[in-house]
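*Asks:* My structure is stored as input.csv, with CSV, C-alpha atoms and all ligand atoms.
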chain,number,residue,atom,x,y,z
A,6,MET,CA,-3.1,5.3,-12.6
A,7,ALA,CA,-1.3,2.7,-10.4
A,8,GLU,CA,-2.9,4.0,-7.2
A,9,ALA,CA,-6.3,4.0,-8.7
A,10,VAL,CA,-6.1,0.4,-10.0
A,11,TRP,CA,-3.8,-1.3,-7.4
A,12,GLY,CA,-4.2,0.9,-4.3
A,13,HIS,CA,-0.5,1.9,-4.3
A,14,SER,CA,2.1,2.9,-6.8
A,15,PRO,CA,4.8,0.3,-6.4
A,16,ALA,CA,7.8,1.5,-8.4
A,17,GLY,CA,9.1,3.0,-11.6
A,18,ILE,CA,10.4,0.6,-14.3
A,19,ILE,CA,12.5,1.7,-17.2
A,20,GLY,CA,10.9,0.9,-20.6
A,21,TYR,CA,7.7,-0.4,-19.1
A,22,SER,CA,4.1,0.8,-19.0
A,23,HIS,CA,2.7,4.2,-18.0
A,24,ALA,CA,1.3,2.7,-14.8
A,25,LEU,CA,5.0,2.2,-13.7
A,26,GLY,CA,6.3,5.6,-14.6
A,27,GLY,CA,6.3,5.7,-18.4
A,28,TRP,CA,10.1,5.8,-18.4
A,29,ALA,CA,11.8,5.5,-21.8
A,30,GLY,CA,13.5,2.1,-22.4
A,31,SER,CA,17.1,1.2,-22.9
A,32,HIS,CA,17.2,0.4,-26.6
A,33,ALA,CA,19.4,3.3,-27.5
A,34,SER,CA,23.1,4.0,-28.0
A,35,PHE,CA,23.4,5.6,-24.6
A,36,ILE,CA,21.1,5.8,-21.6
A,37,ARG,CA,21.0,7.8,-18.4
A,38,VAL,CA,20.6,5.5,-15.4
A,39,PRO,CA,18.9,7.2,-12.5
A,40,PHE,CA,20.4,6.3,-9.1
A,41,ALA,CA,23.3,4.6,-10.8
A,42,ASP,CA,25.0,3.8,-7.5
A,43,VAL,CA,22.4,1.1,-6.9
A,44,ASN,CA,21.0,0.5,-10.4
A,45,VAL,CA,24.1,-0.6,-12.3
A,46,PHE,CA,26.2,-3.7,-11.7
A,47,LYS,CA,29.7,-4.4,-12.9
A,48,VAL,CA,29.8,-7.4,-15.2
A,49,PRO,CA,32.5,-9.9,-14.1
A,50,GLU,CA,35.5,-10.2,-16.5
A,51,GLY,CA,34.7,-13.7,-17.7
A,52,ILE,CA,31.1,-13.2,-18.7
A,53,PRO,CA,30.5,-12.2,-22.3
A,54,ASP,CA,27.9,-9.6,-23.2
A,55,GLU,CA,25.5,-12.2,-24.8
A,56,LYS,CA,25.2,-13.8,-21.4
A,57,ALA,CA,25.4,-10.7,-19.2
A,58,LEU,CA,22.6,-9.1,-21.1
A,59,PHE,CA,20.0,-11.6,-19.9
A,60,VAL,CA,20.9,-10.9,-16.3
A,61,SER,CA,18.9,-7.7,-16.7
A,62,ASP,CA,15.6,-9.5,-17.2
A,63,ALA,CA,15.1,-13.2,-18.2
A,64,CYS,CA,17.5,-14.6,-15.6
A,65,PRO,CA,16.4,-12.7,-12.5
A,66,THR,CA,12.7,-13.1,-13.5
A,67,GLY,CA,13.0,-16.8,-14.0
A,68,PHE,CA,15.2,-17.2,-10.9
A,69,MET,CA,12.7,-15.2,-8.8
A,70,GLY,CA,9.9,-17.4,-10.1
A,71,ALA,CA,11.7,-20.5,-8.8
A,72,ASP,CA,12.8,-18.8,-5.6
A,73,LEU,CA,9.3,-17.6,-4.7
A,74,ALA,CA,8.0,-21.1,-5.5
A,75,GLY,CA,10.0,-22.3,-2.4
A,76,ILE,CA,11.6,-25.2,-4.3
A,77,GLN,CA,13.2,-27.8,-2.1
A,78,SER,CA,15.5,-30.7,-3.0
A,79,GLY,CA,13.6,-33.4,-4.8
A,80,ASP,CA,10.6,-31.3,-5.8
A,81,ILE,CA,8.7,-31.7,-9.0
A,82,VAL,CA,8.2,-28.4,-10.7
A,83,ALA,CA,6.0,-27.5,-13.7
A,84,VAL,CA,6.6,-24.3,-15.7
A,85,TRP,CA,4.0,-22.8,-18.0
A,86,GLY,CA,5.6,-20.9,-20.8
A,87,CYS,CA,9.0,-21.6,-22.6
A,88,GLY,CA,10.0,-18.1,-23.4
A,89,GLY,CA,13.1,-16.6,-22.0
A,90,VAL,CA,11.6,-16.2,-18.5
A,91,GLY,CA,10.2,-19.7,-18.4
A,92,GLN,CA,13.4,-21.3,-19.6
A,93,MET,CA,15.4,-19.5,-17.0
A,94,ALA,CA,12.9,-20.5,-14.3
A,95,MET,CA,13.5,-24.1,-15.4
A,96,GLN,CA,17.3,-23.7,-15.1
A,97,SER,CA,16.8,-22.0,-11.7
A,98,ALA,CA,14.5,-24.8,-10.5
A,99,ARG,CA,17.4,-27.2,-11.2
A,100,ILE,CA,19.8,-25.0,-9.4
A,101,LEU,CA,17.5,-24.9,-6.4
A,102,GLY,CA,17.2,-28.7,-6.2
A,103,ALA,CA,14.2,-29.7,-8.3
A,104,GLU,CA,14.3,-33.4,-9.3
A,105,ARG,CA,12.0,-33.2,-12.3
A,106,VAL,CA,11.0,-30.1,-14.3
A,107,PHE,CA,8.1,-30.1,-16.8
A,108,ALA,CA,8.0,-27.4,-19.5
A,109,ILE,CA,4.6,-26.5,-21.0
A,110,ASP,CA,4.1,-24.6,-24.3
A,111,ARG,CA,2.9,-25.1,-27.8
A,112,PHE,CA,5.9,-24.1,-29.9
A,113,PRO,CA,8.0,-27.2,-30.7
A,114,GLU,CA,11.3,-25.2,-31.0
A,115,ARG,CA,10.8,-23.6,-27.6
A,116,LEU,CA,9.9,-27.0,-26.0
A,117,ARG,CA,13.0,-28.4,-27.7
A,118,MET,CA,15.2,-25.7,-26.1
A,119,ALA,CA,13.6,-26.4,-22.7
A,120,SER,CA,14.6,-30.0,-22.9
A,121,GLU,CA,18.0,-29.5,-24.5
A,122,HIS,CA,19.1,-26.5,-22.4
A,123,CYS,CA,17.1,-26.6,-19.3
A,124,GLY,CA,16.8,-30.3,-18.5
A,125,ALA,CA,13.0,-30.2,-18.7
A,126,GLU,CA,10.5,-32.7,-19.9
A,127,ALA,CA,8.4,-31.1,-22.6
A,128,LEU,CA,4.6,-31.1,-22.7
A,129,ASN,CA,2.8,-29.5,-25.7
A,130,TYR,CA,-0.6,-28.3,-24.6
A,131,GLU,CA,-1.9,-28.6,-28.2
A,132,GLU,CA,-1.1,-32.4,-28.1
A,133,VAL,CA,-1.8,-33.5,-24.5
A,134,ASP,CA,-4.3,-32.5,-21.8
A,135,ILE,CA,-1.9,-30.8,-19.3
A,136,PRO,CA,-3.8,-31.5,-16.1
A,137,GLU,CA,-4.3,-35.2,-17.1
A,138,ALA,CA,-0.6,-35.5,-18.1
A,139,LEU,CA,0.8,-33.9,-15.0
A,140,THR,CA,-1.5,-36.0,-12.7
A,141,GLU,CA,-0.3,-39.1,-14.5
A,142,LEU,CA,3.4,-38.1,-14.5
A,143,THR,CA,3.4,-37.3,-10.7
A,144,GLY,CA,1.7,-40.5,-9.5
A,145,GLY,CA,-1.7,-38.7,-9.0
A,146,ARG,CA,-0.3,-35.9,-6.7
A,147,GLY,CA,0.4,-33.0,-9.0
A,148,PRO,CA,3.6,-30.9,-9.2
A,149,ASP,CA,4.8,-29.5,-5.9
A,150,ARG,CA,5.6,-26.1,-7.4
A,151,CYS,CA,3.9,-24.5,-10.4
A,152,ILE,CA,5.3,-21.4,-12.1
A,153,ASP,CA,3.3,-19.2,-14.4
A,154,CYS,CA,5.7,-17.7,-17.0
A,155,VAL,CA,3.0,-16.8,-19.5
A,156,GLY,CA,0.9,-13.9,-18.1
A,157,MET,CA,-2.0,-12.2,-19.6
A,158,GLU,CA,-1.0,-12.8,-23.3
A,159,ALA,CA,-1.8,-16.5,-22.8
A,160,HIS,CA,-3.2,-18.6,-25.6
A,161,GLY,CA,-5.1,-21.8,-25.0
A,162,MET,CA,-7.7,-24.3,-25.9
A,163,GLY,CA,-11.2,-24.9,-24.9
A,164,VAL,CA,-14.1,-23.0,-23.3
A,165,GLY,CA,-12.0,-21.2,-20.7
A,166,TYR,CA,-9.8,-19.5,-23.3
A,167,LEU,CA,-12.8,-18.5,-25.5
A,168,TYR,CA,-14.5,-17.1,-22.4
A,169,ASP,CA,-11.4,-15.0,-21.6
A,170,LEU,CA,-11.0,-13.9,-25.2
A,171,ALA,CA,-14.6,-12.7,-25.4
A,172,LYS,CA,-14.6,-10.9,-22.1
A,173,GLN,CA,-11.2,-9.3,-22.9
A,174,GLN,CA,-12.8,-7.6,-25.9
A,175,ALA,CA,-14.9,-5.6,-23.4
A,176,LEU,CA,-11.9,-5.0,-21.1
A,177,LEU,CA,-13.6,-7.2,-18.4
A,178,THR,CA,-10.8,-9.6,-17.9
A,179,GLU,CA,-7.2,-10.5,-18.9
A,180,ARG,CA,-6.5,-14.0,-20.2
A,181,ILE,CA,-5.6,-16.3,-17.3
A,182,VAL,CA,-5.8,-19.7,-18.9
A,183,ALA,CA,-2.3,-20.7,-17.9
A,184,LEU,CA,-2.7,-19.5,-14.3
A,185,ARG,CA,-6.0,-21.3,-13.9
A,186,GLU,CA,-4.4,-24.4,-15.2
A,187,ALA,CA,-1.4,-24.0,-12.9
A,188,ILE,CA,-3.7,-23.7,-9.8
A,189,ARG,CA,-5.7,-26.7,-11.0
A,190,CYS,CA,-2.6,-28.9,-11.4
A,191,CYS,CA,-0.7,-27.9,-8.3
A,192,ARG,CA,-0.6,-30.5,-5.6
A,193,LYS,CA,-2.4,-29.9,-2.2
A,194,GLY,CA,-0.3,-27.6,-0.1
A,195,GLY,CA,1.9,-26.7,-3.0
A,196,THR,CA,3.0,-23.3,-4.3
A,197,VAL,CA,2.0,-21.4,-7.4
A,198,SER,CA,4.5,-18.7,-8.3
A,199,VAL,CA,3.3,-16.1,-10.8
A,200,MET,CA,6.0,-14.3,-12.9
A,201,GLY,CA,3.8,-13.8,-15.9
A,202,VAL,CA,2.5,-10.2,-15.9
A,203,TYR,CA,-1.1,-9.3,-15.2
A,204,GLY,CA,-2.2,-5.7,-15.3
A,205,ALA,CA,-5.6,-5.2,-13.8
A,206,PHE,CA,-8.4,-7.6,-13.2
A,207,VAL,CA,-9.0,-11.3,-14.0
A,208,ASP,CA,-12.2,-13.3,-14.2
A,209,LYS,CA,-13.1,-16.8,-13.0
A,210,PHE,CA,-10.1,-16.9,-10.7
A,211,PRO,CA,-10.2,-20.4,-9.1
A,212,MET,CA,-10.2,-19.2,-5.5
A,213,GLY,CA,-12.0,-22.3,-4.3
A,214,ALA,CA,-9.0,-24.4,-5.4
A,215,VAL,CA,-6.6,-22.0,-3.6
A,216,VAL,CA,-8.5,-22.2,-0.3
A,217,ASN,CA,-9.4,-25.9,-0.4
A,218,LYS,CA,-6.0,-27.2,-1.5
A,219,ALA,CA,-4.3,-24.8,0.8
A,220,LEU,CA,-2.1,-23.3,-2.0
A,221,THR,CA,0.4,-20.6,-1.5
A,222,ILE,CA,0.5,-18.0,-4.3
A,223,ARG,CA,3.4,-15.6,-4.7
A,224,SER,CA,4.2,-13.1,-7.3
A,225,GLY,CA,6.0,-9.9,-8.2
A,226,GLN,CA,7.9,-7.8,-10.6
A,227,GLN,CA,11.5,-9.2,-10.5
A,228,HIS,CA,13.8,-7.8,-7.9
A,229,GLY,CA,16.8,-7.3,-10.0
A,230,GLN,CA,19.0,-5.8,-7.4
A,231,ARG,CA,18.4,-8.8,-5.1
A,232,TYR,CA,19.5,-11.4,-7.6
A,233,VAL,CA,22.0,-10.0,-10.1
A,234,ASP,CA,25.2,-10.7,-8.2
A,235,ARG,CA,24.1,-14.2,-7.3
A,236,LEU,CA,23.2,-14.9,-10.9
A,237,PHE,CA,26.6,-13.8,-12.2
A,238,GLY,CA,28.0,-16.4,-9.9
A,239,HIS,CA,25.7,-19.1,-11.3
A,240,ILE,CA,26.7,-18.1,-14.8
A,241,GLU,CA,30.4,-18.1,-14.0
A,242,ARG,CA,30.1,-21.6,-12.6
A,243,GLY,CA,28.2,-22.8,-15.6
A,244,GLU,CA,25.1,-23.6,-13.6
A,245,MET,CA,23.0,-21.1,-15.6
A,246,ASP,CA,23.4,-20.4,-19.3
A,247,PRO,CA,21.0,-18.0,-21.1
A,248,SER,CA,23.1,-17.6,-24.3
A,249,HIS,CA,20.8,-19.9,-26.4
A,250,LEU,CA,17.9,-17.4,-25.9
A,251,LEU,CA,19.6,-15.0,-28.2
A,252,THR,CA,18.1,-16.3,-31.5
A,253,HIS,CA,18.1,-13.0,-33.4
A,254,PRO,CA,21.1,-10.6,-33.1
A,255,MET,CA,20.5,-7.5,-35.1
A,256,SER,CA,21.3,-3.8,-35.4
A,257,LEU,CA,19.4,-1.1,-33.4
A,258,GLU,CA,18.0,0.1,-36.8
A,259,GLN,CA,16.4,-3.3,-37.3
A,260,GLY,CA,14.5,-2.8,-34.0
A,261,PRO,CA,10.9,-2.7,-35.4
A,262,ARG,CA,11.6,-6.0,-37.2
A,263,GLY,CA,13.0,-7.5,-34.0
A,264,TYR,CA,10.0,-6.5,-32.1
A,265,ASP,CA,7.7,-8.0,-34.7
A,266,LEU,CA,9.6,-11.3,-34.7
A,267,PHE,CA,9.6,-11.4,-30.9
A,268,LYS,CA,6.0,-10.4,-30.3
A,269,ASN,CA,4.6,-12.7,-33.0
A,270,LYS,CA,7.1,-15.5,-32.3
A,271,LYS,CA,8.1,-15.7,-35.9
A,272,GLU,CA,11.1,-17.5,-37.3
A,273,GLY,CA,11.7,-19.2,-34.0
A,274,CYS,CA,12.5,-15.9,-32.3
A,275,VAL,CA,12.9,-16.1,-28.5
A,276,ARG,CA,14.9,-12.9,-28.0
A,277,ALA,CA,16.0,-10.3,-30.6
A,278,VAL,CA,19.1,-8.5,-29.3
A,279,PHE,CA,20.1,-5.1,-30.8
A,280,THR,CA,23.7,-3.9,-31.0
A,281,PRO,CA,23.8,-0.1,-31.2
B,301,LIG,N1,7.5,-10.3,-13.3
B,301,LIG,C1,8.5,-9.8,-13.9
B,301,LIG,O1,9.3,-9.1,-13.3
B,301,LIG,C2,8.6,-10.0,-15.4
B,301,LIG,C3,9.8,-9.7,-16.0
B,301,LIG,C4,9.9,-10.0,-17.4
B,301,LIG,C5,8.9,-10.7,-18.0
B,301,LIG,N2,7.7,-10.9,-17.3
B,301,LIG,C6,6.6,-11.6,-17.9
B,301,LIG,O2,6.8,-13.0,-18.0
B,301,LIG,C7,6.0,-13.5,-19.0
B,301,LIG,C8,6.9,-14.3,-20.0
B,301,LIG,O3,7.9,-13.5,-20.6
B,301,LIG,P1,8.7,-14.0,-21.9
B,301,LIG,O4,9.6,-12.9,-22.3
B,301,LIG,O5,9.2,-15.4,-21.6
B,301,LIG,O6,7.5,-14.1,-22.9
B,301,LIG,P2,7.3,-15.0,-24.2
B,301,LIG,O7,6.1,-14.4,-24.9
B,301,LIG,O8,8.6,-15.1,-25.0
B,301,LIG,O9,6.9,-16.4,-23.7
B,301,LIG,C9,5.6,-16.8,-23.2
B,301,LIG,C10,5.4,-18.2,-23.6
B,301,LIG,O10,4.2,-18.6,-23.0
B,301,LIG,C11,3.6,-19.6,-24.0
B,301,LIG,N3,2.1,-19.7,-23.6
B,301,LIG,C12,1.1,-19.0,-24.0
B,301,LIG,N4,-0.1,-19.5,-23.6
B,301,LIG,C13,0.3,-20.6,-22.8
B,301,LIG,C14,-0.4,-21.6,-22.1
B,301,LIG,N5,-1.8,-21.5,-22.0
B,301,LIG,N6,0.3,-22.6,-21.5
B,301,LIG,C15,1.6,-22.7,-21.6
B,301,LIG,N7,2.4,-21.8,-22.3
B,301,LIG,C16,1.7,-20.8,-22.9
B,301,LIG,C17,3.8,-18.9,-25.3
B,301,LIG,O11,3.7,-19.8,-26.4
B,301,LIG,C18,5.3,-18.4,-25.1
B,301,LIG,O12,6.2,-19.3,-25.6
B,301,LIG,C19,5.4,-12.3,-19.7
B,301,LIG,O13,4.1,-12.2,-19.1
B,301,LIG,C20,6.2,-11.2,-19.3
B,301,LIG,O14,5.6,-9.9,-19.4
B,301,LIG,C21,7.6,-10.7,-16.0
Could you write out this structure as structure tokens?

*Replies:*
Amino acid sequence: MAEAVWGHSPAGIIGYSHALGGWAGSHASFIRVPFADVNVFKVPEGIPDEKALFVSDACPTGFMGADLAGIQSGDIVAVWGCGGVGQMAMQSARILGAERVFAIDRFPERLRMASEHCGAEALNYEEVDIPEALTELTGGRGPDRCIDCVGMEAHGMGVGYLYDLAKQQALLTERIVALREAIRCCRKGGTVSVMGVYGAFVDKFPMGAVVNKALTIRSGQQHGQRYVDRLFGHIERGEMDPSHLLTHPMSLEQGPRGYDLFKNKKEGCVRAVFTP
């Protein structure tokens, strides 16, 4: 399937889609880890489980989003999406030297977390026009680095979103409102880093803006092995702290409810965490 759609089959991912191997996930009492000599890491003594857990996904994904964005000291960074990935991208942007970080979403509780735990300035896209606000807040330039932590499940306002929704019904596109907006907002010569997942094809991709503003676009599934040890270090030194993402601790038996809360963003759920 992967070769047919993408030209190559990139990797297997545990608990992910059939295009990436269809491997069972890790929500179980025990799991067998293939190639365990490279695929498991020892958690340092001082890091509790509720922090270490996030080093498997939200932390490296957010960090890679900031890393691929090429953040330099003093940069202004805008992050679309205040889920676990977006919030860790914000903390990572700070670690890498960003001077200001803007957080974009529509859920007030997530925007509040972004400002309280990630040092970001919150922008609710249901209340303000994001391109206008970012232009104004950056003195007309636009953010240096824009990070898409939303992906194909984006929601939005206006004609572009309705267009995506309609064409998605016929499997002709995925919803790329957040990515379009990031490309539109990014300053000339800036970088757009895409950690939000897209699966196949998207429509009305603003290639003209990419070419004429000389934007760099980078993306990828997170490279866990590359970042895990470094992230343990950031957590040990208190530079990164994902523990507030754990909004709903529950038992493994409550898994279906946890998935429902997470998927539909009910009861302020950011991450449901199951203890076997
Ligand atoms: N590349 C990778 O390796 C990797 C790894 C993990 C997750 N992901 C992807 O990262 C993305 C985010 O993951 P998550 O767990 O934080 O998801 P999440 O659903 O918890 O958060 C996504 C956030 O985006 C917000 N959003 C929706 N439309 C928006 C818009 N138009 N503008 C701004 N914000 C908008 C939602 O309100 C939500 O808060 C997903 O696409 C996920 O699949 C990628």

*Asks:* Excluding range 8-25 of chain A and residues on its chain fewer than 4 positions from it, collect all residues at most 10 Å away from it, counting only C-alpha atoms, and give them as JSON, numbers by chain.

*Replies:* {"A": [29, 30, 31, 32, 38, 39, 204, 205, 206, 226]}

*Asks:* Around ligand LIG 301 (chain B), out to 7 Å and counting all atoms listed in the file, which residues are there? I want them as a ChimeraX atom specification.

*Replies:* /A:62-63,66,85-91,109-112,115,130,154-161,182-183,200-202,225-227,268,275

*Asks:* In Å, with one decimal, what is the gap from CA of His239 in chain A to CA of Val82 in chain A?

*Replies:* 19.8 Å

*Asks:* How many Å lie between CA of Ile76 in chain A and CA of Asn129 in chain A, rounded to one decimal?

*Replies:*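 Here the two named atoms are 23.5 Å from each other.
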
*Asks:* So the first atom is CA of Phe35 in chain A and the second is CA of Phe279 in chain A; what is the distance between them in Å, to one decimal place?

*Replies:*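 Those two atoms sit 12.8 Å apart.
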
*Asks:* Just want the 9 Å neighbourhood of Pro136 in chain A, counted on all atoms listed in the file, with same-chain residues fewer than 4 positions away dropped. Output as JSON, numbers by chain.

*Replies:* {"A": [140, 141, 147, 186, 187, 189, 190]}

*Asks:* Please produce a file of the residues just selected, as an mmCIF file, in the coordinates of the input, where the atoms kept are C-alpha atoms.

*Replies:*
data_model
loop_
_atom_site.group_PDB
_atom_site.id
_atom_site.type_symbol
_atom_site.label_atom_id
_atom_site.label_comp_id
_atom_site.auth_asym_id
_atom_site.auth_seq_id
_atom_site.Cartn_x
_atom_site.Cartn_y
_atom_site.Cartn_z
ATOM 1 C CA THR A 140 -1.500 -36.000 -12.700
ATOM 2 C CA GLU A 141 -0.300 -39.100 -14.500
ATOM 3 C CA GLY A 147 0.400 -33.000 -9.000
ATOM 4 C CA GLU A 186 -4.400 -24.400 -15.200
ATOM 5 C CA ALA A 187 -1.400 -24.000 -12.900
ATOM 6 C CA ARG A 189 -5.700 -26.700 -11.000
ATOM 7 C CA CYS A 190 -2.600 -28.900 -11.400
#

*Asks:* Name the residues in contact with Gly260 in chain A at a cut-off of 10 Å, using only C-alpha atoms, excluding same-chain residues fewer than 5 positions from it; report them as number ranges by chain.

*Replies:* A: 32, 255, 265-266, 277-280

*Asks:* Between range 35-82 of chain A and range 96-99 of chain A, at 10 Å or less, what are the per-residue closest atom pairs and their distances in Å? Count only C-alpha atoms, order by chain and rising residue number, and return it as a Markdown table.

*Replies:*
| residue | atom | partner | partner_atom | distance |
| --- | --- | --- | --- | --- |
| A:Cys64 | CA | A:Ser97 | CA | 8.4 |
| A:Pro65 | CA | A:Ser97 | CA | 9.3 |
| A:Thr66 | CA | A:Ser97 | CA | 10.0 |
| A:Gly67 | CA | A:Ser97 | CA | 6.8 |
| A:Phe68 | CA | A:Ser97 | CA | 5.1 |
| A:Met69 | CA | A:Ser97 | CA | 8.5 |
| A:Gly70 | CA | A:Ser97 | CA | 8.4 |
| A:Ala71 | CA | A:Ala98 | CA | 5.4 |
| A:Asp72 | CA | A:Ala98 | CA | 7.9 |
| A:Ala74 | CA | A:Ala98 | CA | 9.0 |
| A:Gly75 | CA | A:Ala98 | CA | 9.6 |
| A:Ile76 | CA | A:Ala98 | CA | 6.9 |
| A:Gln77 | CA | A:Ala98 | CA | 9.0 |
| A:Ser78 | CA | A:Arg99 | CA | 9.1 |
| A:Gly79 | CA | A:Arg99 | CA | 9.7 |
| A:Asp80 | CA | A:Ala98 | CA | 8.9 |
| A:Ile81 | CA | A:Ala98 | CA | 9.1 |
| A:Val82 | CA | A:Ala98 | CA | 7.3 |

*Asks:* Write out as a JSON list (two decimals) with C-alpha atoms, in the frame of the given file each polymer residue whose atoms come within 9 Å of Leu177 in chain A, counting all atoms listed in the file; drop sequence neighbours fewer than 4 positions from it.

*Replies:*
[["chain", "number", "residue", "atom", "x", "y", "z"],
["A", 169, "ASP", "CA", -11.40, -15.00, -21.60],
["A", 171, "ALA", "CA", -14.60, -12.70, -25.40],
["A", 172, "LYS", "CA", -14.60, -10.90, -22.10],
["A", 173, "GLN", "CA", -11.20, -9.30, -22.90],
["A", 206, "PHE", "CA", -8.40, -7.60, -13.20],
["A", 207, "VAL", "CA", -9.00, -11.30, -14.00],
["A", 208, "ASP", "CA", -12.20, -13.30, -14.20]]

*Asks:* I need the residue nearest Leu251 in chain A from this list: A:Asp42, A:Glu55, A:Glu50, A:Glu104. Use all atoms listed in the file for the distance.

*Replies:*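 Once distances to Leu251 in chain A are computed over all atoms listed in the file, the minimum belongs to A:Glu55.
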
*Asks:* Residues near Ala83 in chain A, anyone? I mean within 6 Å using only C-alpha atoms, not counting same-chain ones fewer than 6 positions away, as a VMD selection string.

*Replies:* chain A and resid 106 to 107 151

*Asks:* For Val48 in chain A, which of A:Val133, A:Met95, A:Val233, A:Ile222 is the closest residue, counting only C-alpha atoms?

*Replies:*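 Of A:Val133, A:Met95, A:Val233, A:Ile222, the one nearest Val48 in chain A, counting only C-alpha atoms, is A:Val233.
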
*Asks:* Which residue gives the smallest distance to Ala119 in chain A among A:Asp149, A:Ala7, A:Ser224, A:Gln92, with only C-alpha atoms counted?

*Replies:*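 Closest candidate: A:Gln92.
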